[in-house]
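Remarks on the structure that follows.
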Amino acid sequence: MSRGSPGALACFLRGLRLSLSKPYLAVALWLIQLLLAATLILPISNMLHGLLDLSPAADRMVANPDYGWWETVRRQHPDVLGNFPEIATGLLTTEGIRWSELPNMRGVGASAFSLALLAIVVHAFGLGGMLGALREPSSSLVTFGREGMRRMPAFLLFTFAAFGAAFAAYEWIYVESGEKLAPRVQQLHAEPTALAVTGLRLAALVVALAVIKLLADAVRAVWVARPDLPPVSRFFFGIGGALSRPLRLFGVLGFYAVSTAALYLIWLILDPSAGGEARFALVPLILAQQVFVFVRLLIKVGYYAGISEALTRTKSPEYSYVATAAPGAVPSAPPVADEAPVDQV
Amino acid sequence: MPPAKLRALALALLGAASPALFADAFPPPPVASYQISCRLDPEKKTVEGTEVLTWKNTTSRPASTLRFHLYLNAFRNTLSTFWKESGGENRGGKLLESWGSIEVLRMTAADGADLLPSLKYIAPDDGNPHDRTVAEVLLPKPVAPGETISVAIDFLSRLPRVSVRTGYKDDFFFVVQWFPKIGVFQESGWNCHQYHATSEFFADFGNYDVSVDVPARYRGKVGATGRLVETRETSSGRILYRFQQEGVHDFAWTADPSYIVLEDIFREAGIGDAKLILLLQSEHASQAERHFRAAKAALSGYGRILGPYPYPTLTIVDPPWGARGAGGMEYPTLITAGTSWSAPTKILRPEGVTVHETGHQFFYGIIANNEFEEAWLDEGFNTYMTDRVLAAVFGPNHVDLSVFGLHFPLGIDIHEPLDVNRRYFEVADWDVLASESWRFRDRKSYGGQVYSKTALTLATLERLMGTAAMDRALRLYADRWRFRHPTTKDFIQAVNDSTGRNWDWFFDRTFYSSGVVDYAVADAESRPAKAPRGLFEKDGKLAEGAPSAIANPKGYDSEVTVVRNGDVAMPVYVQLRFENGSVYRSRWDGESRWKRYRVSAGPRLVEAVVDPDEQVLLDSDRTNNGRRTEGDPRAATRWTSRAVFWVQNLIDFMTVAW
């Protein structure tokens with residue numbers, strides 16, 4: 001690592017500081033996610049109110065999930081969730097899920113999945129806005145929107161490429177390996193050995209997904225940091241930047257994963273949704289949920305800022321978008337020069 | 001009247017039988033007894049044996065043929081009925097293409113007559129010419145009623161790699177359904193069905209004396225039906241174990257050098273005195289106590305209701321990883337359990353399987369119904385009893401979340417018997433429960449009907465007649481049919497006799513019907529009572545305006561409509577709860593399609609519930625069983641907020657990796 005190059009933890013912490021100094025970025029992401037999720041509020045809410053409001057079961061459902069009630073609703077109203085629960089839990093099995101199961105999705109489950117696909121598109125916009133705004137010393141929500149739209153075509157490409165790569169990794173590294181290894185795993189002497197094999201498959205998938213993510217994020221970060229370079233150079237600068245400092249990037253990703261996991265753990269332990277009114281009344285519950293989402297997004301923004309820190313120590317040569325001067329007009333300020341090359345790239 | 005029937009009648013009159021009477025009844029008179037010597041070849045995965053069958057014709061008609069089950073031939077090739085019906089899958093996994101077979105090498109009668117030339121394979125259930133799971137031989141002379149015949153048979157069993165019940169995995173051997181076994185000769189002829197994908201077994205009681213010759217590396221690691229009576233070295237580094245058991249109808253054995261062998265004692269006055277032998281895999285060593293506790297709970301719980309466990313041993317086998325297809329099976333005095341390396345105590349997995357399979361010692365082992373034709377009499381009755389024992393001893397189970405092979409309990413309770421049998425509702429109208437086991441639409445329907453519908457039917461019956469009456473009915477049934485072959489009609493007769501009432505209507509609508517039960521509250525309203533309007537008699541004349549006595553009614557007018565959505569009618573309670581705390585309950589026979597309840601000028605109605613005590617567990621949709629007059633949006637709003645929250649998280653998850 002070159003002199004002055006910060007370590008992974010330092011990058012992550014700097015990223016978090018940046019995130020905290022620009023909370024509107026997390027607010028913007030939170031709003032995007034909330035608005036996307038809100039499209040499902042009406043069907044879910046109407047269904048639940050229709051089934052529960054006049055039901056004596058509502059009393060016990062306030063506090064805790066009632067296994068029998070949910071089982072009956074799933075069975076009697078198959079169009080509500082379809083096979084979404086099976087797919088969700090299928091992701092956690094040793095076999096994984098086959099994409100051929102997706103056509104069986106229906107109702108809210110299918111809508112949630114489509115929404116998540118839409119979210120990927122919106123995510124490309126959000127990332128452009130976030131990385132662009134992070135590099136400007138004084139930015140605002142307007143900067144976020146403008147930068148997001150500006151980077152969107154390229155970021156959409158990166159996002160779909162990464163999505164495709166992640167899909168392929170899941171299919172080939174996890175699902176296919178599971179299928180091929182299944183007879184051999186059954187031949188193993190003991191279950192812990194079989195669990196270890198699953199662990200190895202999972203680890204391989206996680207590493208592959210991490211590599212895909214880091215490559216994509218590095219390309220995006222450099223794409224924003226070096227607008228002075230032609231697109232192809234920016235792309236390879238990003239790849240090169242990721243390959244030249246893998247430990248630092250993995251470190252930042254690791255700290256992000258650990259802190260997010262810790263947040264979920266705290267949520268699961270506190271479990272404000274359980275216990276009915278005794279633990280959290282409705283309004284505090286909704287507030288707690290949204291605060292959780294917001295904090296998680298603060299960490300997420302911190303991660304991207306951390307990645308940007310790990311790859312580029314210097315400010316962007318282009319502080320902001322400057323409209324092309326009208327012909328014949330004298331520019332009010334000279335164009336900003338490229339201050340320094342990207343760190344060690 | 002046969003002596004057994006007289007004895008049963010006497011016991012019924014007594015109300016409950018004393019252990020001394022059971023001691024007299026055990027062992028039952030043998031019908032089919034076996035003396036078997038066999039030798040395991042672990043390398044070739046074969047068992048070579050010789051059996052001497054002693055069989056008695058207990059019917060009033062002569063038997064001119066003998067029919068034998070050759071179960072291992074189900075694994076002979078993909079043309080067997082078992083393979084065809086399985087569709088390549090069984091017991092939760094793919095069938096492995098590892099072939100098994102059983103060949104009869106010699107068959108001679110006691111007088112030396114060679115029966116083998118007359119042996120032919122038959123397929124009484126489906127006519128499949130390629131199925132070789134049933135063989136018939138022609139006798140030179142019919143066996144007269146009451147006469148006993150002895151037949152010597154040499155056989156060679158080739159074991160498949162375990163995928164369904166029987167077979168091997170490495171050095172583990174689970175040797176079941178492994179020898180030529182005679183069918184059951186009844187007044188109507190031979191009852192000897194083929195081996196089907198969903199069927200189990202049926203055989204007569206007898207005495208077994210089996211010697212198992214295994215390599216010395218299996219020393220101390222052999223378990224079997226019955227008690228070990230002899231151990232001795234045989235030639236060239238081999239060892240012989242001899243087991244004997246009277247009053248059983250099958251024999252199973254197992255060997256695995258990696259077993260941890262543990263022992264415990266079950267002893268309860270009047271219920272049983274048995275040595276429990278646990279053959280456990282080392283990775284499950286920490287779960288030994290859980291297995292023992294479950295087995296004891298079952299022996300005690302079943303024994304108190306159905307009568308004592310008469311055998312001196314119970315062997316619990318824990319199949320190794322990769323041989324789980326052998327798990328969850330029952331044989332006389334030997335069962336296989338089922339667990340996993342990560343087995344949180346809140347998930348009653350080893351407990352549930354162990355209680356259930358131990359329970360089969362009663363329903364199947366002692367009360368030996370025909371599992372081919374009326375599988376619910378053992379699987380369903382046993383599921384019902386399993387639920388009772390688990391609920392009484394272990395409390396509620398929990399939803400199991402499997403994360404890459406590790407198990408975690410979610411904080412959601414699963415209650416017996418309703419929650420654990422919900423799979424019935426998915427197949428409620430697919431089949432009539434009273435069907436032969438291979439005639440169900442598919443395996444899902446078989447499981448939902450035979451196990452779960454029966455369990456819910458019996459639990460409903462228990463709630464309708466009361467637990468004490470149900471226990472008396474079960475006891476009478478057990479007393480009458482201990483060591484015999486009951487049918488569904490015999491159980492119904494026992495219920496009718498013990499209660500003094502005719503319950504045929506109930507069984508017609510459950511066991512013999514594919515109808516669905518569903519009651520619902522269609523409407524429940526409560527409005528302030530209105531003053532009557534119109535013409536009323538005043539001083540002998542009609543005048544407009546109500547008399548003062550009724551002009552200003554107080555309270556509320558309430559109206560409730562309950563409906564029967566399902567085809568099947570059951571008597572149910574309807575309960576109306578009012579604002580002042582009063583409760584009105586009414587018994588509705590449930591026969592009509594709907595019934596309306598009106599309350600005038602009473603307290604405000606809060607809610608109406610049909611079947612408030614959850615007596616009719618067969619009700620396929622309980623979410624419509626109650627209705628309040630005023631909505632309470634709290635639960636729906638909380639769950640909506642949860643849903644939105646988790647969709648937000650899902651979106652974040654979907655966008656995090658790329």
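Labels for the structure tokens follow display order: chains A, B, ..., residues from 1 in each chain, ligands from 1.
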- Query: Neighbours of range 614-630 of chain B within 7 Å (only C-alpha atoms; same-chain residues fewer than 5 positions away dropped), as a PyMOL selection string?
  - Reply: (chain A and resi 54-56+69+72) or (chain B and resi 418+425+456-457+460+463-464+516-521+524-526+605-609)
Expected file: the selected residues, C-alpha atoms, as a compact mmCIF listing (two decimals), in the first residue's frame:
# COMPACT_ATOMS: atom_id res chain seq x y z
CA LEU A 54 -63.70 -8.16 12.10
CA SER A 55 -62.02 -11.38 13.11
CA PRO A 56 -61.74 -12.45 16.74
CA TRP A 69 -54.07 -18.19 10.71
CA THR A 72 -55.08 -20.86 6.32
CA LEU B 418 -54.26 -28.99 14.62
CA PHE B 425 -56.47 -29.30 4.37
CA LEU B 456 -57.84 -34.69 13.14
CA THR B 457 -60.89 -36.94 12.85
CA THR B 460 -62.53 -34.12 16.74
CA ARG B 463 -63.63 -33.32 21.61
CA LEU B 464 -67.18 -34.32 20.77
CA VAL B 516 -64.88 -30.84 3.52
CA VAL B 517 -65.99 -29.26 6.77
CA ASP B 518 -66.22 -25.48 6.86
CA TYR B 519 -68.43 -23.41 9.11
CA ALA B 520 -68.43 -19.63 9.04
CA VAL B 521 -70.07 -16.62 10.54
CA ALA B 524 -72.90 -10.35 12.74
CA GLU B 525 -74.62 -7.03 13.35
CA SER B 526 -75.83 -5.14 16.36
CA LEU B 605 -73.26 -7.86 20.52
CA VAL B 606 -69.46 -7.87 20.47
CA GLU B 607 -68.70 -11.02 18.52
CA ALA B 608 -70.13 -14.25 17.23
CA VAL B 609 -68.05 -17.40 16.92
- Task: Using only C-alpha atoms, select each residue of chain A with any atom at most 7 Å away from an atom of chain B, and give the selection as a PyMOL selection string.
- Result: chain A and resi 33-34+37-38+41+44-45+48-49+52-56+58+61-62+65+67-69+72+92-94+112+116+119-120+123+159+162-163+186-187+189-192+195+198+209+213+216+282+286+289
Would you write out those residues with N, CA and C atoms, as a compact mmCIF listing (two decimals), in the first residue's frame?
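And here's again.txt as it stands now:
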# COMPACT_ATOMS: atom_id res chain seq x y z
N GLN A 33 -36.70 3.87 -1.50
CA GLN A 33 -37.13 2.52 -1.07
C GLN A 33 -38.54 2.54 -0.49
N LEU A 34 -38.81 3.57 0.29
CA LEU A 34 -40.13 3.65 0.92
C LEU A 34 -41.22 3.81 -0.14
N ALA A 37 -41.70 0.53 -1.90
CA ALA A 37 -42.42 -0.42 -1.04
C ALA A 37 -43.87 0.01 -0.85
N ALA A 38 -44.08 1.32 -0.87
CA ALA A 38 -45.43 1.83 -0.60
C ALA A 38 -46.43 1.39 -1.66
N ILE A 41 -48.43 -1.24 -0.30
CA ILE A 41 -49.18 -1.02 0.95
C ILE A 41 -50.66 -1.31 0.74
N ILE A 44 -51.64 -5.09 0.33
CA ILE A 44 -51.39 -5.82 1.59
C ILE A 44 -52.36 -5.34 2.66
N SER A 45 -52.46 -4.03 2.76
CA SER A 45 -53.29 -3.46 3.81
C SER A 45 -54.75 -3.86 3.62
N LEU A 48 -55.25 -7.53 4.54
CA LEU A 48 -55.17 -7.80 5.97
C LEU A 48 -56.35 -7.20 6.72
N HIS A 49 -56.74 -5.99 6.36
CA HIS A 49 -57.89 -5.40 7.04
C HIS A 49 -59.15 -6.19 6.74
N LEU A 52 -58.80 -9.42 8.84
CA LEU A 52 -58.53 -9.39 10.28
C LEU A 52 -59.43 -8.46 11.08
N ASP A 53 -59.83 -7.35 10.50
CA ASP A 53 -60.48 -6.32 11.32
C ASP A 53 -61.68 -6.84 12.09
N LEU A 54 -62.49 -7.67 11.44
CA LEU A 54 -63.70 -8.16 12.10
C LEU A 54 -63.51 -9.56 12.67
N SER A 55 -62.26 -10.01 12.65
CA SER A 55 -62.02 -11.38 13.11
C SER A 55 -61.61 -11.40 14.58
N PRO A 56 -62.18 -12.32 15.34
CA PRO A 56 -61.74 -12.45 16.74
C PRO A 56 -60.26 -12.84 16.84
N ALA A 58 -57.94 -11.34 15.53
CA ALA A 58 -57.10 -10.14 15.48
C ALA A 58 -56.43 -9.88 16.82
N MET A 61 -53.41 -11.85 17.01
CA MET A 61 -52.51 -11.50 15.91
C MET A 61 -51.81 -10.17 16.13
N VAL A 62 -52.35 -9.33 17.02
CA VAL A 62 -51.68 -8.07 17.32
C VAL A 62 -50.30 -8.36 17.88
N PRO A 65 -47.33 -13.72 15.55
CA PRO A 65 -47.85 -14.45 14.40
C PRO A 65 -48.58 -15.70 14.85
N TYR A 67 -49.56 -19.20 13.62
CA TYR A 67 -49.19 -20.14 12.55
C TYR A 67 -50.42 -20.60 11.77
N GLY A 68 -51.46 -20.96 12.52
CA GLY A 68 -52.65 -21.50 11.88
C GLY A 68 -53.34 -20.47 11.00
N TRP A 69 -53.40 -19.25 11.49
CA TRP A 69 -54.07 -18.19 10.71
C TRP A 69 -53.34 -17.96 9.39
N THR A 72 -53.76 -20.85 6.94
CA THR A 72 -55.08 -20.86 6.32
C THR A 72 -55.19 -19.78 5.26
N LEU A 92 -32.39 -20.33 1.18
CA LEU A 92 -31.58 -20.72 2.34
C LEU A 92 -31.31 -22.22 2.39
N THR A 93 -31.76 -22.94 1.37
CA THR A 93 -31.58 -24.39 1.41
C THR A 93 -30.24 -24.79 0.78
N THR A 94 -29.86 -26.02 1.02
CA THR A 94 -28.60 -26.51 0.44
C THR A 94 -28.73 -26.68 -1.07
N ALA A 112 -43.84 -7.95 -5.29
CA ALA A 112 -42.64 -7.62 -4.53
C ALA A 112 -41.40 -7.93 -5.35
N ALA A 116 -38.66 -5.37 -6.81
CA ALA A 116 -37.23 -5.47 -6.55
C ALA A 116 -36.44 -5.32 -7.84
N ALA A 119 -36.38 -1.87 -8.54
CA ALA A 119 -35.46 -1.23 -7.60
C ALA A 119 -34.02 -1.30 -8.10
N ILE A 120 -33.71 -2.35 -8.85
CA ILE A 120 -32.36 -2.46 -9.40
C ILE A 120 -32.10 -1.30 -10.36
N HIS A 123 -31.81 1.71 -8.43
CA HIS A 123 -30.53 1.63 -7.71
C HIS A 123 -29.40 2.23 -8.55
N THR A 159 -24.90 -2.06 -13.75
CA THR A 159 -25.78 -2.76 -12.81
C THR A 159 -26.31 -4.05 -13.42
N ALA A 162 -23.55 -6.58 -13.70
CA ALA A 162 -23.26 -7.18 -12.39
C ALA A 162 -24.39 -8.11 -11.97
N PHE A 163 -25.63 -7.71 -12.25
CA PHE A 163 -26.78 -8.54 -11.92
C PHE A 163 -26.69 -9.88 -12.66
N GLN A 186 -24.17 -37.34 -0.12
CA GLN A 186 -24.90 -38.40 0.57
C GLN A 186 -23.98 -39.56 0.96
N GLN A 187 -22.89 -39.68 0.24
CA GLN A 187 -21.95 -40.76 0.54
C GLN A 187 -21.00 -40.42 1.68
N HIS A 189 -19.38 -39.52 5.30
CA HIS A 189 -19.55 -40.34 6.49
C HIS A 189 -20.52 -39.71 7.49
N ALA A 190 -20.44 -38.37 7.62
CA ALA A 190 -21.25 -37.75 8.67
C ALA A 190 -21.82 -36.42 8.19
N GLU A 191 -22.88 -36.00 8.87
CA GLU A 191 -23.56 -34.77 8.48
C GLU A 191 -22.68 -33.53 8.61
N PRO A 192 -21.87 -33.41 9.67
CA PRO A 192 -21.02 -32.21 9.75
C PRO A 192 -20.12 -32.04 8.52
N LEU A 195 -22.27 -30.62 5.91
CA LEU A 195 -22.50 -29.19 6.19
C LEU A 195 -21.28 -28.37 5.78
N THR A 198 -21.38 -27.77 2.12
CA THR A 198 -22.31 -26.68 1.83
C THR A 198 -21.67 -25.34 2.19
N LEU A 209 -19.69 -13.33 -5.41
CA LEU A 209 -20.59 -12.18 -5.38
C LEU A 209 -19.84 -10.93 -4.90
N LYS A 213 -19.39 -7.57 -6.98
CA LYS A 213 -19.84 -6.30 -6.41
C LYS A 213 -18.69 -5.30 -6.35
N ALA A 216 -17.79 -3.99 -9.78
CA ALA A 216 -18.81 -3.05 -10.26
C ALA A 216 -18.71 -1.72 -9.51
N LEU A 282 -48.22 1.25 17.89
CA LEU A 282 -48.11 1.26 16.44
C LEU A 282 -47.19 2.36 15.90
N ILE A 286 -43.69 1.85 13.86
CA ILE A 286 -43.40 2.29 12.48
C ILE A 286 -42.18 3.21 12.48
N GLN A 289 -39.12 1.10 12.84
CA GLN A 289 -38.80 0.41 11.58
C GLN A 289 -38.11 1.35 10.60
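Atom pair CA of Pro350 in chain B / CA of Thr315 in chain B: separated by 14.8 Å.
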- Message: Considering only alpha helix (DSSP H) as DSSP defines it on the backbone, what residues of range 49-96 of chain A qualify? List them as a ChimeraX atom specification.
- Response: /A:49-52,58-63,67-76,78-81,84-90
- Just list the residues in range 319-419 of chain B DSSP gives strand (DSSP E) on the backbone, as JSON, numbers by chain. {"B": [330, 331, 334, 335, 336, 397, 398, 399, 400, 401, 402, 403, 406, 407, 408, 409, 410, 411, 412, 413, 414]}
Restricting the output to N, CA and C atoms, write the selected residues as a JSON list (two decimals), in the first residue's frame.
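Output below, filename selection.json:
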[["chain", "number", "residue", "atom", "x", "y", "z"],
["B", 330, "GLU", "N", -40.91, -48.45, 11.54],
["B", 330, "GLU", "CA", -41.27, -49.26, 12.69],
["B", 330, "GLU", "C", -41.26, -50.74, 12.32],
["B", 331, "TYR", "N", -40.68, -51.52, 13.19],
["B", 331, "TYR", "CA", -40.74, -52.97, 13.10],
["B", 331, "TYR", "C", -40.97, -53.47, 14.52],
["B", 334, "LEU", "N", -38.35, -52.88, 17.26],
["B", 334, "LEU", "CA", -37.22, -52.15, 16.69],
["B", 334, "LEU", "C", -37.75, -51.01, 15.83],
["B", 335, "ILE", "N", -37.24, -49.82, 16.11],
["B", 335, "ILE", "CA", -37.68, -48.67, 15.31],
["B", 335, "ILE", "C", -36.45, -47.90, 14.83],
["B", 336, "THR", "N", -36.65, -47.10, 13.79],
["B", 336, "THR", "CA", -35.61, -46.14, 13.41],
["B", 336, "THR", "C", -36.13, -44.75, 13.73],
["B", 397, "ASN", "N", -44.49, -27.41, 19.60],
["B", 397, "ASN", "CA", -43.30, -27.45, 18.74],
["B", 397, "ASN", "C", -43.08, -26.04, 18.18],
["B", 398, "HIS", "N", -42.05, -25.85, 17.41],
["B", 398, "HIS", "CA", -41.81, -24.54, 16.82],
["B", 398, "HIS", "C", -41.48, -24.66, 15.34],
["B", 399, "VAL", "N", -41.79, -23.60, 14.61],
["B", 399, "VAL", "CA", -41.50, -23.59, 13.18],
["B", 399, "VAL", "C", -39.99, -23.70, 12.99],
["B", 400, "ASP", "N", -39.61, -24.59, 12.09],
["B", 400, "ASP", "CA", -38.20, -24.90, 11.87],
["B", 400, "ASP", "C", -37.73, -24.16, 10.61],
["B", 401, "LEU", "N", -36.77, -23.28, 10.79],
["B", 401, "LEU", "CA", -36.17, -22.61, 9.64],
["B", 401, "LEU", "C", -34.84, -23.28, 9.35],
["B", 402, "SER", "N", -34.75, -23.90, 8.18],
["B", 402, "SER", "CA", -33.51, -24.58, 7.81],
["B", 402, "SER", "C", -32.65, -23.61, 7.00],
["B", 403, "VAL", "N", -31.47, -23.33, 7.53],
["B", 403, "VAL", "CA", -30.55, -22.40, 6.87],
["B", 403, "VAL", "C", -29.32, -23.20, 6.45],
["B", 406, "LEU", "N", -28.61, -26.18, 8.55],
["B", 406, "LEU", "CA", -28.68, -26.00, 10.01],
["B", 406, "LEU", "C", -30.11, -25.59, 10.36],
["B", 407, "HIS", "N", -30.57, -26.05, 11.52],
["B", 407, "HIS", "CA", -31.96, -25.81, 11.88],
["B", 407, "HIS", "C", -32.06, -24.76, 12.98],
["B", 408, "PHE", "N", -33.00, -23.85, 12.80],
["B", 408, "PHE", "CA", -33.22, -22.81, 13.79],
["B", 408, "PHE", "C", -34.72, -22.72, 14.08],
["B", 409, "PRO", "N", -35.07, -22.62, 15.37],
["B", 409, "PRO", "CA", -36.50, -22.48, 15.68],
["B", 409, "PRO", "C", -36.92, -21.02, 15.52],
["B", 410, "LEU", "N", -37.98, -20.80, 14.77],
["B", 410, "LEU", "CA", -38.56, -19.47, 14.74],
["B", 410, "LEU", "C", -39.47, -19.35, 15.96],
["B", 411, "GLY", "N", -39.68, -18.15, 16.39],
["B", 411, "GLY", "CA", -40.49, -17.98, 17.61],
["B", 411, "GLY", "C", -41.97, -18.11, 17.34],
["B", 412, "ILE", "N", -42.34, -19.12, 16.57],
["B", 412, "ILE", "CA", -43.75, -19.33, 16.24],
["B", 412, "ILE", "C", -44.16, -20.72, 16.72],
["B", 413, "ASP", "N", -45.12, -20.76, 17.60],
["B", 413, "ASP", "CA", -45.55, -22.05, 18.16],
["B", 413, "ASP", "C", -46.35, -22.86, 17.14],
["B", 414, "ILE", "N", -46.13, -24.16, 17.18],
["B", 414, "ILE", "CA", -46.96, -25.09, 16.40],
["B", 414, "ILE", "C", -47.64, -26.01, 17.41]]
Compile the contact shell of Arg220 in chain A as a PDB file with C-alpha atoms, in the first residue's frame: residues with an atom at most 9 Å away, counting only C-alpha atoms, same-chain residues fewer than 5 positions apart removed.
ATOM      1  CA  LEU A 127     -25.654   5.063  -7.044  1.00  0.00           C
ATOM      2  CA  GLY A 128     -24.865   7.665  -9.671  1.00  0.00           C
ATOM      3  CA  LEU A 131     -21.220   8.827  -5.792  1.00  0.00           C
ATOM      4  CA  ALA A 154     -23.665   3.906 -17.910  1.00  0.00           C
ATOM      5  CA  PHE A 155     -24.582   2.796 -14.398  1.00  0.00           C
ATOM      6  CA  PHE A 158     -22.891  -1.822 -15.024  1.00  0.00           C
ATOM      7  CA  LEU A 215     -15.525  -4.745  -9.431  1.00  0.00           C
ATOM      8  CA  ALA A 225     -13.948  10.269 -10.068  1.00  0.00           C
ATOM      9  CA  ARG A 234     -12.532   4.781 -16.941  1.00  0.00           C
ATOM     10  CA  PHE A 235     -13.848   1.253 -17.090  1.00  0.00           C
ATOM     11  CA  GLY A 238     -11.937   0.905 -12.284  1.00  0.00           C
ATOM     12  CA  SER A 308     -14.584   5.750  -3.193  1.00  0.00           C
TER      13      SER A 308
END
- Message: Would you pick out the contacts of Phe536 in chain B at 7 Å or less, using only C-alpha atoms, so that residues sharing its chain but fewer than 3 positions from it are not included, and give the list as a ChimeraX atom specification?
- Response: /B:542-546
Just-selected residues, N, CA and C atoms written as a PDB file, in the first residue's frame:
ATOM      1  N   LEU B 542    -107.514   0.495  16.710  1.00  0.00           N
ATOM      2  CA  LEU B 542    -106.209   0.630  16.062  1.00  0.00           C
ATOM      3  C   LEU B 542    -105.847   2.105  15.956  1.00  0.00           C
ATOM      4  N   ALA B 543    -104.636   2.406  16.446  1.00  0.00           N
ATOM      5  CA  ALA B 543    -104.200   3.808  16.357  1.00  0.00           C
ATOM      6  C   ALA B 543    -102.708   3.834  16.037  1.00  0.00           C
ATOM      7  N   GLU B 544    -102.310   4.887  15.425  1.00  0.00           N
ATOM      8  CA  GLU B 544    -100.899   5.005  15.054  1.00  0.00           C
ATOM      9  C   GLU B 544    -100.075   5.331  16.295  1.00  0.00           C
ATOM     10  N   GLY B 545     -98.896   4.706  16.375  1.00  0.00           N
ATOM     11  CA  GLY B 545     -97.993   4.980  17.505  1.00  0.00           C
ATOM     12  C   GLY B 545     -98.003   3.838  18.488  1.00  0.00           C
ATOM     13  N   ALA B 546     -96.827   3.422  18.869  1.00  0.00           N
ATOM     14  CA  ALA B 546     -96.687   2.272  19.761  1.00  0.00           C
ATOM     15  C   ALA B 546     -97.092   2.630  21.178  1.00  0.00           C
TER      16      ALA B 546
END
- Task: Please measure the separation of CA of Thr234 in chain B and CA of Val222 in chain B, giving the value in Å to one decimal.
- Result: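 Distance between the two atoms: 15.4 Å.
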Residue contacts of range 101-109 of chain A (9 Å, only C-alpha atoms) excluding same-chain residues fewer than 4 positions away, as an mmCIF file with N, CA and C atoms, in the first residue's frame:
data_model
loop_
_atom_site.group_PDB
_atom_site.id
_atom_site.type_symbol
_atom_site.label_atom_id
_atom_site.label_comp_id
_atom_site.auth_asym_id
_atom_site.auth_seq_id
_atom_site.Cartn_x
_atom_site.Cartn_y
_atom_site.Cartn_z
ATOM 1 N N LEU A 40 -46.960 -1.403 -2.522
ATOM 2 C CA LEU A 40 -47.595 -2.657 -2.073
ATOM 3 C C LEU A 40 -48.478 -2.453 -0.848
ATOM 4 N N PRO A 43 -52.501 -3.161 -1.560
ATOM 5 C CA PRO A 43 -52.986 -4.555 -1.609
ATOM 6 C C PRO A 43 -52.778 -5.317 -0.300
ATOM 7 N N ILE A 44 -51.635 -5.088 0.330
ATOM 8 C CA ILE A 44 -51.391 -5.816 1.588
ATOM 9 C C ILE A 44 -52.357 -5.336 2.657
ATOM 10 N N PRO A 78 -54.502 -18.343 -2.383
ATOM 11 C CA PRO A 78 -53.192 -18.640 -2.980
ATOM 12 C C PRO A 78 -52.666 -17.510 -3.856
ATOM 13 N N ASP A 79 -53.573 -16.652 -4.334
ATOM 14 C CA ASP A 79 -53.108 -15.573 -5.199
ATOM 15 C C ASP A 79 -52.432 -14.447 -4.424
ATOM 16 N N VAL A 80 -52.558 -14.471 -3.134
ATOM 17 C CA VAL A 80 -51.966 -13.372 -2.366
ATOM 18 C C VAL A 80 -50.444 -13.481 -2.357
ATOM 19 N N LEU A 81 -49.946 -14.617 -1.957
ATOM 20 C CA LEU A 81 -48.494 -14.761 -1.841
ATOM 21 C C LEU A 81 -47.896 -15.719 -2.858
ATOM 22 N N GLY A 82 -48.731 -16.593 -3.416
ATOM 23 C CA GLY A 82 -48.181 -17.584 -4.345
ATOM 24 C C GLY A 82 -47.113 -18.411 -3.655
ATOM 25 N N ASN A 83 -46.049 -18.701 -4.379
ATOM 26 C CA ASN A 83 -44.979 -19.514 -3.786
ATOM 27 C C ASN A 83 -43.828 -18.642 -3.280
ATOM 28 N N PHE A 84 -44.128 -17.375 -3.029
ATOM 29 C CA PHE A 84 -43.078 -16.470 -2.565
ATOM 30 C C PHE A 84 -42.395 -16.981 -1.291
ATOM 31 N N PRO A 85 -43.131 -17.453 -0.272
ATOM 32 C CA PRO A 85 -42.455 -17.958 0.925
ATOM 33 C C PRO A 85 -41.515 -19.129 0.619
ATOM 34 N N ILE A 87 -39.954 -19.648 -2.191
ATOM 35 C CA ILE A 87 -38.775 -19.129 -2.884
ATOM 36 C C ILE A 87 -37.842 -18.451 -1.884
ATOM 37 N N ILE A 97 -32.513 -22.268 -5.148
ATOM 38 C CA ILE A 97 -33.757 -22.244 -5.935
ATOM 39 C C ILE A 97 -33.438 -22.184 -7.418
ATOM 40 N N PHE A 113 -41.456 -9.051 -6.066
ATOM 41 C CA PHE A 113 -40.293 -9.431 -6.869
ATOM 42 C C PHE A 113 -40.093 -8.449 -8.033
ATOM 43 N N SER A 114 -41.191 -8.099 -8.710
ATOM 44 C CA SER A 114 -41.093 -7.138 -9.808
ATOM 45 C C SER A 114 -40.584 -5.797 -9.294
#
- Message: So the first atom is CA of Ile492 in chain B and the second is CA of Pro27 in chain B; what is the distance between them in Å, to one decimal place?
- Response: 26.2 Å
- Closest to Ile277 in chain B among B:Lys221, B:Gly466, B:Glu230, B:His249, using only C-alpha atoms? B:Lys221
- Residue contacts of range 289-293 of chain B (12 Å, only C-alpha atoms) excluding same-chain residues fewer than 6 positions away, as an MDAnalysis selection string: chainID B and resid 262:266 275:280 299:301 314:318 335:339 343:358 389:390 393:394
